[in-house]
Every structure is written in structure tokens, then in C-alpha cells.
Amino acid sequence: MANALAQHKPIDEALPRKTRIRFGRLLIYGPLCAMAALYLMPLWVMVVTSLKPLDEIYSGSFIGLPQTITLDAWRAAWSEACIGTECTGLKPYFANSLLMVIPAVVLSTGIGAINGYILTKWRFPGANLVFGLLLFGCFLPYQAILIPMARTLGLLGLAGSIPGLVFVHVAYGICFTTLFFRNFFVSLPDELTKAAMVDGAGFFRIFWSVILPTSIPIIVVSCIWQFTQIWNDFLFGVSFTSGGNSPMTVALNNIVNVTTGRKQYNVDMAAAMIAAIPTLLVYIVAGRYFVRGLTAGAVKG
Amino acid sequence: MNAAKSFSSRLAGWLPRIVVAPSLLVVIVTVYLFILWTGVISFTSSRFVPVYDFAGLEQYVRLWATPRWHTAVANLFIFSALFLFLSTGIGLLMAILLDQNIRAEGFLRAVYLYPMALSFIVTGTAWKWIMNPGLGIQKVINELGWTSFTFDWITDPNMAIYTVVIAGVWQSSGFAMAIFLAGLRGIDNSVIKAAQIEGAGLPLIYRQIIIPMLRPAMLSVIVLLSYIAIKSFDLVLALTNAGPGSATELPSTFMFSATFRRNQMGVGAASAVMMLMTVAAIIVPYLYSELRERNNG
């Protein structure tokens with residue numbers, strides 16, 4: 001569309017064509033660059049603040065370059081900062097988040113893949129209803145299930161534990177992953193599965209050898225979406241865990257809300273960066289797939 | 001042998017349903033049954049732990065008699081309205097500008113969208129520091145010479161909710177941009193060419209033709225952003241901790257603190273039911289129309 005507009009610039013204008021275009025371009029690039037600067041500012045502030053010694057933070061400006069660069073704040077955030085009464089830094093909580101996020105991503109993506117396969121290639125009466133029931137789960141305000149889930153995790157003996165969090169994230173993640181895979185498989189031609197069936201392949205065989213090899217892109221989308229959602233989750237973490245079993249986000253919030261003593265903003269920012277780095281890395285490496293996950297909710301986009 | 005064969009082929013026919021059943025069961029229990037359970041608790045006198053007596057509408061009466069809840073509802077309106085308006089406006093503007101054959105489009109798009117990859121806790125932590133009146137924006141501008149400049153919204157009970165709007169818009173307007181850009185890319189060139197041959201200028205084409213054609217994208221953006229606004233919880237907690245006082249309380253933070261901090265489980269459940277009904281009123285018609293159109297098309 002942009003091409004069409006560019007090719008059809010009116011030629012009979014008062015100003016010389018070249019000046020006009022340059023001026024027009026300025027009107028486009030100006031706001032775009034200003035917005036980009038505004039969007040990058042918080043990240044910049046986090047990085048420079050985390051590299052400054054505390055005295056410089058209290059005497060200098062929050063946005064300026066550090067005069068002396070030190071990694072002390074990063075070290076403190078990683079292994080010394082106090083979360084509650086335990087002064088272990090974020091290290092153990094980082095491990096908690098990894099222990100939670102890896103099984104939850106693998107399980108929810110695997111289950112979503114097979115659900116999507118069934119809902120498109122093995123349709124049964126009521127399949128649409130099943131899909132509709134799952135779909136509403138994507139838009140559930142989780143406050144509506146917090147109390148029953150807390151009780152249920154207690155009954156299952158999973159209260160306050162990482163396996164409990166994995167269960168919660170898989171249960172609600174299935175809704176999203178099923179949506180991703182269903183929408184992807186809908187566009188695969190049915191002839192693919194029919195031909196395999198004629199050759200005598202069964203339900204699981206077709207899934208493994210015919211469907212899965214074509215679905216690498218959507219597997220990536222699903223893994224990235226689930227990774228970002230689960231890593232960034234705070235509500236489930238703060239509601240269902242306490243103390244040493246908390247994920248990263250809860251520990252970060254605890255560090256930041258320490259009210260005793262002189263506020264160590266550089267440690268806060270280093271801690272925030274440590275919490276942000278995994279998802280930022282994924283975004284930088286595979287941003288394209290991340291955007292596909294984001295826009296999947298807008299079916300007609 | 002015949003019977004065995006028909007059994008195995010019947011099993012094969014049921015296999016897909018058997019495989020999908022556990023997921024369905026989990027979702028029916030953890031979504032629908034749990035909603036029902038929360039609903040039941042909202043009609044009991046539960047405080048610290050659930051008790052299953054029948055207290056009628058007592059908890060709803062208490063909820064609506066709580067000033068804190070009124071603050072939360074009022075804040076939700078202010079926050080959602082501004083958050084939706086600004087995110088949609090900025091997102092649309094950026095999408096239109098990005099759609100003008102821009103150099104480095106990929107880079108700019110990546111910059112606008114990276115906040116969506118961050119946790120709201122990280123966003124809140126960063127903006128809390130930036131908007132801190134003692135050391136943040138206010139101090140820098142004061143030192144540049146404008147000594148009377150004040151930006152202390154985050155500690156001002158009347159203004160604190162707007163700091164949540166700022167951080168929320170920063171995080172989510174890139175998302176609106178992405179959906180609008182996808183919508184713009186889907187518009188047929190020939191319509192625009194025809195309008196240009198008729199002699200219409202660019203601003204007119206955008207106002208009269210392109211933006212009206214983005215209506216489906218607009219609907220998606222508004223619905224999805226409303227959903228983000230209603231469930232906003234982590235951002236408020238990290239940025240203002242619902243304060244100063246209860247100045248930035250939202251229904252989501254109210255529900256959490258009533259249930260887990262103030263031993264008012266019944267009131268918490270009632271507020272959760274109110275939230276759920278608000279979300280359902282927006283989402284259910286949306287999903288219904290999306291699914292129906294897709295089946296027809």
C-alpha cells in the first residue's frame with residue numbers, strides 16, 4: 001500500500017518537488033525518531049543507573065552517563081540483596097523461575113499442539129464448542145479463580161511449590177497454545193492427513209511424521225509466547241508462593257519495596273535488568289515470532 | 001474376530017476425543033468450575049477461610065459500601081479511558097507513519113514493541129525511578145534552570161493514577177501499533193489508487209478511506225487493550241503499590257488485598273465476580289462475532 005502512495009505522488013504542486021518530499025519526509029521521520037527515543041529512554045535509564053555507584057546517583061542526574069562504571073550493583077542484585085529476611089540476591093529466584101518456566105512451556109506447547117491437531121484434522125461433533133470453551137480461558141481475569149486455585153493447590157499438596165505454579169501455568173496456558181496451533185493447522189490442507197491415512201498411518205503417526213514437521217514456526221511462536229507470559233507472571237507467583245519458592249518477579253518486587261536505609265536505586269535497576277534480560281534476549285533473537293503471538297488474539301488483525 | 005476389529009476401529013474413532021479430554025477436563029475445572037466456586041464464596045460469609053453458609057448479598061452490599069472499592073472503580077474508568085485513548089491514538093499514528101516506505105522500519109518497529117516483552121514489574125520499577133520527584137525527571141529539569149518545575153504526580157494522591165497511565169501507555173501502545181500496521185498492510189492498493197486518480201490528497205485518503213477500513217483492527221485493539229486495562233495488577237503494585245494511601249487502587253489490586261491481606265475473602269470474591277462480569281460483557285460478544293464471521297467466511 002505504501003508503494004502505491006509513493007508512486008502516485010501528485011506532481012503539480014506549488015513547491016519544487018524535491019523540497020516538498022524532503023519536508024514531508026522530515027514530518028514522518030521526526031515524530032518516529034522522537035517516539036523511538038522516548039521508548040528507549042527507560043531502558044537507557046535502567047542500564048546507566050545500574051552501572052553507577054550510589055553516591056553518583058544521589059548527586060548526579062538519573063539520565064546522564066556514569067562517571068565511574070561499576071558492576072557492584074549487579075553483583076549485589078545477583079547475590080547479596082535482601083529479599084525479606086534472606087540476603088541471597090536474585091540468584092535462587094532466577095533458578096526458581098527457570099525451574100517453573102521450562103516444564104510449563106514444554107508441557108503447554110505439547111498439549112496445545114495435539115489439541116490443535118485434533119480440533120482441525122479429527123473434528124468431532126462439539127469440537128467448536130470445545131474450542132469456544134478453551135478460547136474464553138484466554139480472556140479470563142485471573143482474579144476470578146485465585147481463591148479456588150489456592151484451595152485446590154492446598155488440597156493437592158502443591159501449595160507454595162514450584163510444581164504447583166507449573167500446573168497453574170499449564171492449565172491456563174493450554175487455552176493460548178491451543179488457539180495458536182488450531183489457527184495454524186486450519187490452513188494446512190486436509191489432503192495431507194487424508195493421504196497419510198490412505199497409506200495406513202494412524203492418529204499419532206500422522207501427528208509425528210506429517211503434522212509436526214510442518215509446524216516448526218508455530219511451535220516457536222507458542223514457546224516464545226508462553227516463555228514471556230510465564231516468566232513475566234506476577235499474580236500467580238505472589239498469590240501461590242511465598243519466601244524461597246517465589247519466582248523472579250516476586251523477588252524483584254520485594255527488593256524494590258525495601259524501605260529501610262538509603263534506597264539503593266542502582267541495585268533496584270540492576271535487579272530489574274536481570275529480570276528483563278531473558279525475555280529481552282528472546283525478543284531480540286526472535287522478535288518476528290513474538291509479534292505473531294501477540295497479534296494472534298486479534299483474529300482478524 | 002469381527003467384534004475385536006470393530007472394537008479397535010471404534011477405539012480409533014474415539015481416540016481424538018480421548019486425547020483431548022484431559023485438557024478439556026482441566027479447563028472446565030480450572031476455568032468454569034472455579035468461576036462458579038468463586039461465585040458461591042461471594043454469597044457466603046467467608047473471611048479468612050471459605051465457609052459454606054448462605055449470606056445472601058451481604059458481601060456485595062459490603063463491597064459497594066467500601067470507599068476503597070469506589071476509588072478502585074473510579075480509577076478503573078479513568079485509567080481505562082485514558083489508557084485506551086492514548087494507546088490507540090499513538091499506536092495508530094505510529095502505524096500510519098511507519099507505513100510510508102520508511103527506512104529502518106524493522107528497527108523502529110522493534111523499538112516500539114520491546115516494552116511488551118518486559119514484565120509489568122520491570123516497567124513499574126523503571127518508571128517509579130524515573131518519576132521519583134527527588135531524583136528523577138523533576139530534578140533534571142530543575143537543574144537545567146527551570147527551578148519551579150514540579151513533577152511529583154507519583155506522590156500526589158490526586159495525580160498518581162496518571163503515572164500508571166503513562167507507564168501503561170508506554171508498555172502497550174506498541175501493541176496497538178503492531179495490530180494497526182498489520183491492518184494497513186492488508187488494505188487493497190487499488191482502492192487508494194482509484195482515490196488518487198480522483199484527485200484526493202493523502203490526509204483526505206487517510207481520513208475518509210483508510211482509517212474507516214481499519215475498523216476490524218480498531219475493534220481488536222480496543223477489546224484487547226480493555227482486557228489488559230481491567231486485569232492490570234502488577235503494574236500498579238510495582239509502580240505505586242496502590243498508593244499513596246489507596247489513591248491508585250484498581251479492582252484487581254482491591255480483590256487481591258481484600259482476599260490475601262485483609263481477611264475479607266467474601267468481599268474479595270464479590271469483587272472478582274464484578275471484574276469477571278465486566279470482562280465477559282466485553283469479550284463474549286467479541287469472541288462470538290469473531291468465531292461466527294470466521295465460520296461464515
# chains A, B, ... in the order shown; residues from 1 in each chain; ligands from 1
call {"tool": "select_by_dssp", "arguments": {"residues": "stretch 179-262 of chain B", "states": "alpha helix (DSSP H)", "output": "PyMOL selection string"}}
result
chain B and resi 179-185+189-197+202-205+211-213+215-231+234-239+251-260
call {"tool": "interface_residues", "arguments": {"of": "chain B", "to": "chain A", "cutoff": "6 Å", "atoms": "only C-alpha atoms", "output": "PyMOL selection string"}}
result
chain B and resi 16+20+34-35+97+99-101+117-119+122+136+140+179+183+189+217+220+231+272
call {"tool": "write_last_selection", "arguments": {"atoms": "N, CA and C atoms", "output": "compact mmCIF listing (two decimals), in the first residue's frame"}}
result
# COMPACT_ATOMS: atom_id res chain seq x y z
N PRO B 16 -9.25 -39.43 19.20
CA PRO B 16 -9.09 -37.97 19.31
C PRO B 16 -9.83 -37.40 20.50
N VAL B 20 -8.12 -35.44 23.74
CA VAL B 20 -8.43 -34.04 24.06
C VAL B 20 -9.14 -33.92 25.41
N PHE B 34 -14.14 -23.23 38.70
CA PHE B 34 -13.54 -22.29 39.66
C PHE B 34 -14.29 -20.96 39.68
N ILE B 35 -14.77 -20.53 38.50
CA ILE B 35 -15.58 -19.31 38.47
C ILE B 35 -16.83 -19.50 39.32
N LEU B 97 2.59 6.35 10.16
CA LEU B 97 3.91 6.89 9.81
C LEU B 97 4.86 5.78 9.35
N ASP B 99 4.11 3.20 7.85
CA ASP B 99 3.65 2.61 6.59
C ASP B 99 3.98 3.51 5.39
N GLN B 100 4.88 4.47 5.56
CA GLN B 100 5.19 5.40 4.47
C GLN B 100 6.52 5.07 3.80
N ASN B 101 6.81 3.80 3.58
CA ASN B 101 8.08 3.43 2.95
C ASN B 101 9.28 3.97 3.70
N ALA B 117 7.65 -7.05 25.76
CA ALA B 117 8.38 -8.25 26.18
C ALA B 117 8.77 -8.17 27.66
N LEU B 118 8.61 -6.99 28.26
CA LEU B 118 9.03 -6.84 29.65
C LEU B 118 7.89 -7.17 30.61
N SER B 119 8.28 -7.55 31.81
CA SER B 119 7.30 -7.76 32.86
C SER B 119 6.80 -6.39 33.33
N VAL B 122 8.95 -4.97 35.93
CA VAL B 122 10.14 -4.24 35.46
C VAL B 122 9.74 -2.84 35.02
N GLY B 136 14.41 12.08 39.94
CA GLY B 136 14.07 11.76 38.55
C GLY B 136 13.92 12.96 37.65
N VAL B 140 16.18 16.70 37.19
CA VAL B 140 16.97 17.02 36.00
C VAL B 140 16.50 18.34 35.39
N ILE B 179 -0.90 -4.17 15.59
CA ILE B 179 -2.16 -4.64 15.01
C ILE B 179 -2.62 -3.69 13.90
N GLY B 183 -3.14 -4.36 9.88
CA GLY B 183 -4.36 -3.96 9.20
C GLY B 183 -4.06 -3.13 7.96
N ASN B 189 -4.44 -2.08 -2.50
CA ASN B 189 -3.86 -0.88 -3.13
C ASN B 189 -4.82 -0.17 -4.08
N ALA B 217 -9.51 -3.88 12.82
CA ALA B 217 -8.30 -3.78 13.64
C ALA B 217 -8.58 -2.93 14.86
N SER B 220 -10.37 -4.92 17.47
CA SER B 220 -9.46 -5.83 18.17
C SER B 220 -8.63 -5.08 19.18
N LYS B 231 -7.33 -6.13 33.81
CA LYS B 231 -6.56 -7.06 34.65
C LYS B 231 -5.24 -6.46 35.14
N ALA B 272 -14.22 -10.04 42.63
CA ALA B 272 -13.77 -10.84 41.49
C ALA B 272 -14.94 -11.11 40.54
call {"tool": "closest_residue", "arguments": {"among": "A:Phe176, A:Phe236, A:Phe184, A:Phe207", "to": "B:Val27", "atoms": "only C-alpha atoms"}}
result
A:Phe176
call {"tool": "residues_around", "arguments": {"residues": "stretch 142-151 of chain B", "least_positions_apart": "3", "cutoff": "12 Å", "atoms": "only C-alpha atoms", "output": "MDAnalysis selection string"}}
result
(chainID A and resid 59:62) or (chainID B and resid 130:139 154:156 159:160 162:163)
call {"tool": "write_last_selection", "arguments": {"atoms": "N, CA and C atoms", "output": "compact mmCIF listing (two decimals), in the first residue's frame"}}
result
# COMPACT_ATOMS: atom_id res chain seq x y z
N SER A 59 23.93 12.40 43.66
CA SER A 59 24.43 13.73 43.30
C SER A 59 24.17 14.08 41.84
N GLY A 60 24.14 13.10 40.96
CA GLY A 60 24.06 13.39 39.52
C GLY A 60 22.64 13.34 38.99
N SER A 61 22.50 13.26 37.66
CA SER A 61 21.17 13.18 37.06
C SER A 61 20.86 11.73 36.71
N PHE A 62 19.57 11.40 36.68
CA PHE A 62 19.20 9.99 36.51
C PHE A 62 19.44 9.49 35.10
N ILE B 130 12.11 6.82 37.41
CA ILE B 130 12.14 7.97 36.51
C ILE B 130 11.25 9.10 37.04
N MET B 131 10.09 8.74 37.62
CA MET B 131 9.13 9.77 38.03
C MET B 131 9.28 10.17 39.49
N ASN B 132 10.27 9.58 40.13
CA ASN B 132 10.59 9.94 41.51
C ASN B 132 10.93 11.42 41.60
N PRO B 133 10.18 12.24 42.38
CA PRO B 133 10.40 13.69 42.34
C PRO B 133 11.78 14.10 42.85
N GLY B 134 12.34 13.34 43.81
CA GLY B 134 13.61 13.72 44.40
C GLY B 134 14.78 13.60 43.43
N LEU B 135 14.78 12.56 42.60
CA LEU B 135 15.97 12.27 41.80
C LEU B 135 15.68 12.09 40.31
N GLY B 136 14.41 12.08 39.94
CA GLY B 136 14.07 11.76 38.55
C GLY B 136 13.92 12.96 37.65
N ILE B 137 12.89 12.93 36.79
CA ILE B 137 12.69 13.97 35.79
C ILE B 137 12.68 15.36 36.42
N GLN B 138 11.98 15.50 37.54
CA GLN B 138 11.86 16.82 38.16
C GLN B 138 13.22 17.40 38.49
N LYS B 139 14.09 16.59 39.07
CA LYS B 139 15.41 17.10 39.47
C LYS B 139 16.21 17.53 38.25
N ILE B 154 3.61 11.06 41.24
CA ILE B 154 3.63 9.73 41.84
C ILE B 154 3.40 9.78 43.35
N THR B 155 3.67 10.93 43.98
CA THR B 155 3.42 11.04 45.42
C THR B 155 2.18 11.88 45.70
N ASP B 156 1.49 12.32 44.67
CA ASP B 156 0.31 13.16 44.84
C ASP B 156 -0.95 12.29 44.66
N MET B 159 -3.01 12.82 41.55
CA MET B 159 -2.41 12.66 40.23
C MET B 159 -1.80 11.28 40.00
N ALA B 160 -1.64 10.49 41.08
CA ALA B 160 -0.86 9.25 40.98
C ALA B 160 -1.42 8.30 39.91
N TYR B 162 -2.46 8.93 37.09
CA TYR B 162 -1.96 9.28 35.75
C TYR B 162 -0.55 8.74 35.50
N THR B 163 0.21 8.51 36.58
CA THR B 163 1.53 7.89 36.37
C THR B 163 1.33 6.45 35.91
call {"tool": "atom_distance", "arguments": {"atom1": "atom CA of B:Leu84", "atom2": "atom CA of B:Ser226"}}
result
7.0 Å
call {"tool": "residues_around", "arguments": {"residues": "stretch 239-246 of chain B", "least_positions_apart": "4", "cutoff": "6 Å", "atoms": "only C-alpha atoms", "output": "ChimeraX atom specification"}}
result
/B:124,128,157,235
call {"tool": "residues_around", "arguments": {"residues": "stretch 84-101 of chain A", "least_positions_apart": "6", "cutoff": "6 Å", "atoms": "only C-alpha atoms", "output": "list of chain:residue names"}}
result
A:Ala77, A:Trp78, A:Ile162, A:Val166, A:Pro247, A:Met248
call {"tool": "write_last_selection", "arguments": {"atoms": "N, CA and C atoms", "output": "PDB file, in the first residue's frame"}}
result
ATOM      1  N   ALA A  77      22.716  -7.205  43.374  1.00  0.00           N
ATOM      2  CA  ALA A  77      21.388  -7.673  42.988  1.00  0.00           C
ATOM      3  C   ALA A  77      21.388  -9.181  42.775  1.00  0.00           C
ATOM      4  N   TRP A  78      22.472  -9.698  42.241  1.00  0.00           N
ATOM      5  CA  TRP A  78      22.524 -11.121  41.903  1.00  0.00           C
ATOM      6  C   TRP A  78      22.723 -11.988  43.136  1.00  0.00           C
ATOM      7  N   ILE A 162       6.894 -24.975  43.439  1.00  0.00           N
ATOM      8  CA  ILE A 162       7.119 -24.712  42.013  1.00  0.00           C
ATOM      9  C   ILE A 162       6.280 -25.645  41.130  1.00  0.00           C
ATOM     10  N   VAL A 166       3.790 -24.590  38.056  1.00  0.00           N
ATOM     11  CA  VAL A 166       3.834 -25.200  36.724  1.00  0.00           C
ATOM     12  C   VAL A 166       2.430 -25.645  36.330  1.00  0.00           C
ATOM     13  N   PRO A 247       8.987 -16.893  42.330  1.00  0.00           N
ATOM     14  CA  PRO A 247       9.691 -16.627  41.067  1.00  0.00           C
ATOM     15  C   PRO A 247      10.352 -15.237  41.088  1.00  0.00           C
ATOM     16  N   MET A 248      11.134 -14.970  40.022  1.00  0.00           N
ATOM     17  CA  MET A 248      11.879 -13.724  39.864  1.00  0.00           C
ATOM     18  C   MET A 248      11.077 -12.460  40.119  1.00  0.00           C
TER      19      MET A 248
END
call {"tool": "residues_around", "arguments": {"residues": "A:Asn266", "least_positions_apart": "2", "cutoff": "7 Å", "atoms": "only C-alpha atoms", "output": "list in words"}}
result
Thr49, Ser50, Leu51, Lys52, Leu54, Ala73, Gln264, Asp268, Met269 and Ala270 of chain A
call {"tool": "closest_residue", "arguments": {"among": "B:Val236, B:Val19, B:Leu184, B:Met218", "to": "B:Ile166", "atoms": "only C-alpha atoms"}}
result
B:Val236
call {"tool": "atom_distance", "arguments": {"atom1": "atom CA of B:Arg103", "atom2": "atom CA of B:Ile205"}}
result
22.7 Å
call {"tool": "residues_around", "arguments": {"residues": "B:Tyr286", "least_positions_apart": "3", "cutoff": "9 Å", "atoms": "only C-alpha atoms", "output": "CSV table (one decimal) with N, CA and C atoms, in the first residue's frame"}}
result
chain,number,residue,atom,x,y,z
B,219,LEU,N,-11.4,-2.5,16.4
B,219,LEU,CA,-12.2,-3.3,17.4
B,219,LEU,C,-11.3,-4.2,18.2
B,220,SER,N,-10.4,-4.9,17.5
B,220,SER,CA,-9.5,-5.8,18.2
B,220,SER,C,-8.6,-5.1,19.2
B,223,VAL,N,-10.7,-4.0,22.2
B,223,VAL,CA,-11.1,-5.1,23.1
B,223,VAL,C,-9.9,-5.6,23.9
B,282,ILE,N,-17.4,-7.5,27.7
B,282,ILE,CA,-16.7,-7.0,26.5
B,282,ILE,C,-16.2,-8.2,25.6
B,283,ILE,N,-15.8,-9.3,26.3
B,283,ILE,CA,-15.1,-10.3,25.5
B,283,ILE,C,-16.1,-11.3,24.8
B,289,SER,N,-18.6,-12.8,17.7
B,289,SER,CA,-18.6,-12.3,16.4
B,289,SER,C,-17.4,-12.7,15.6
B,290,GLU,N,-16.3,-12.8,16.2
B,290,GLU,CA,-15.1,-13.3,15.6
B,290,GLU,C,-15.3,-14.7,15.0
B,291,LEU,N,-15.8,-15.6,15.9
B,291,LEU,CA,-16.0,-17.0,15.6
B,291,LEU,C,-17.0,-17.2,14.5
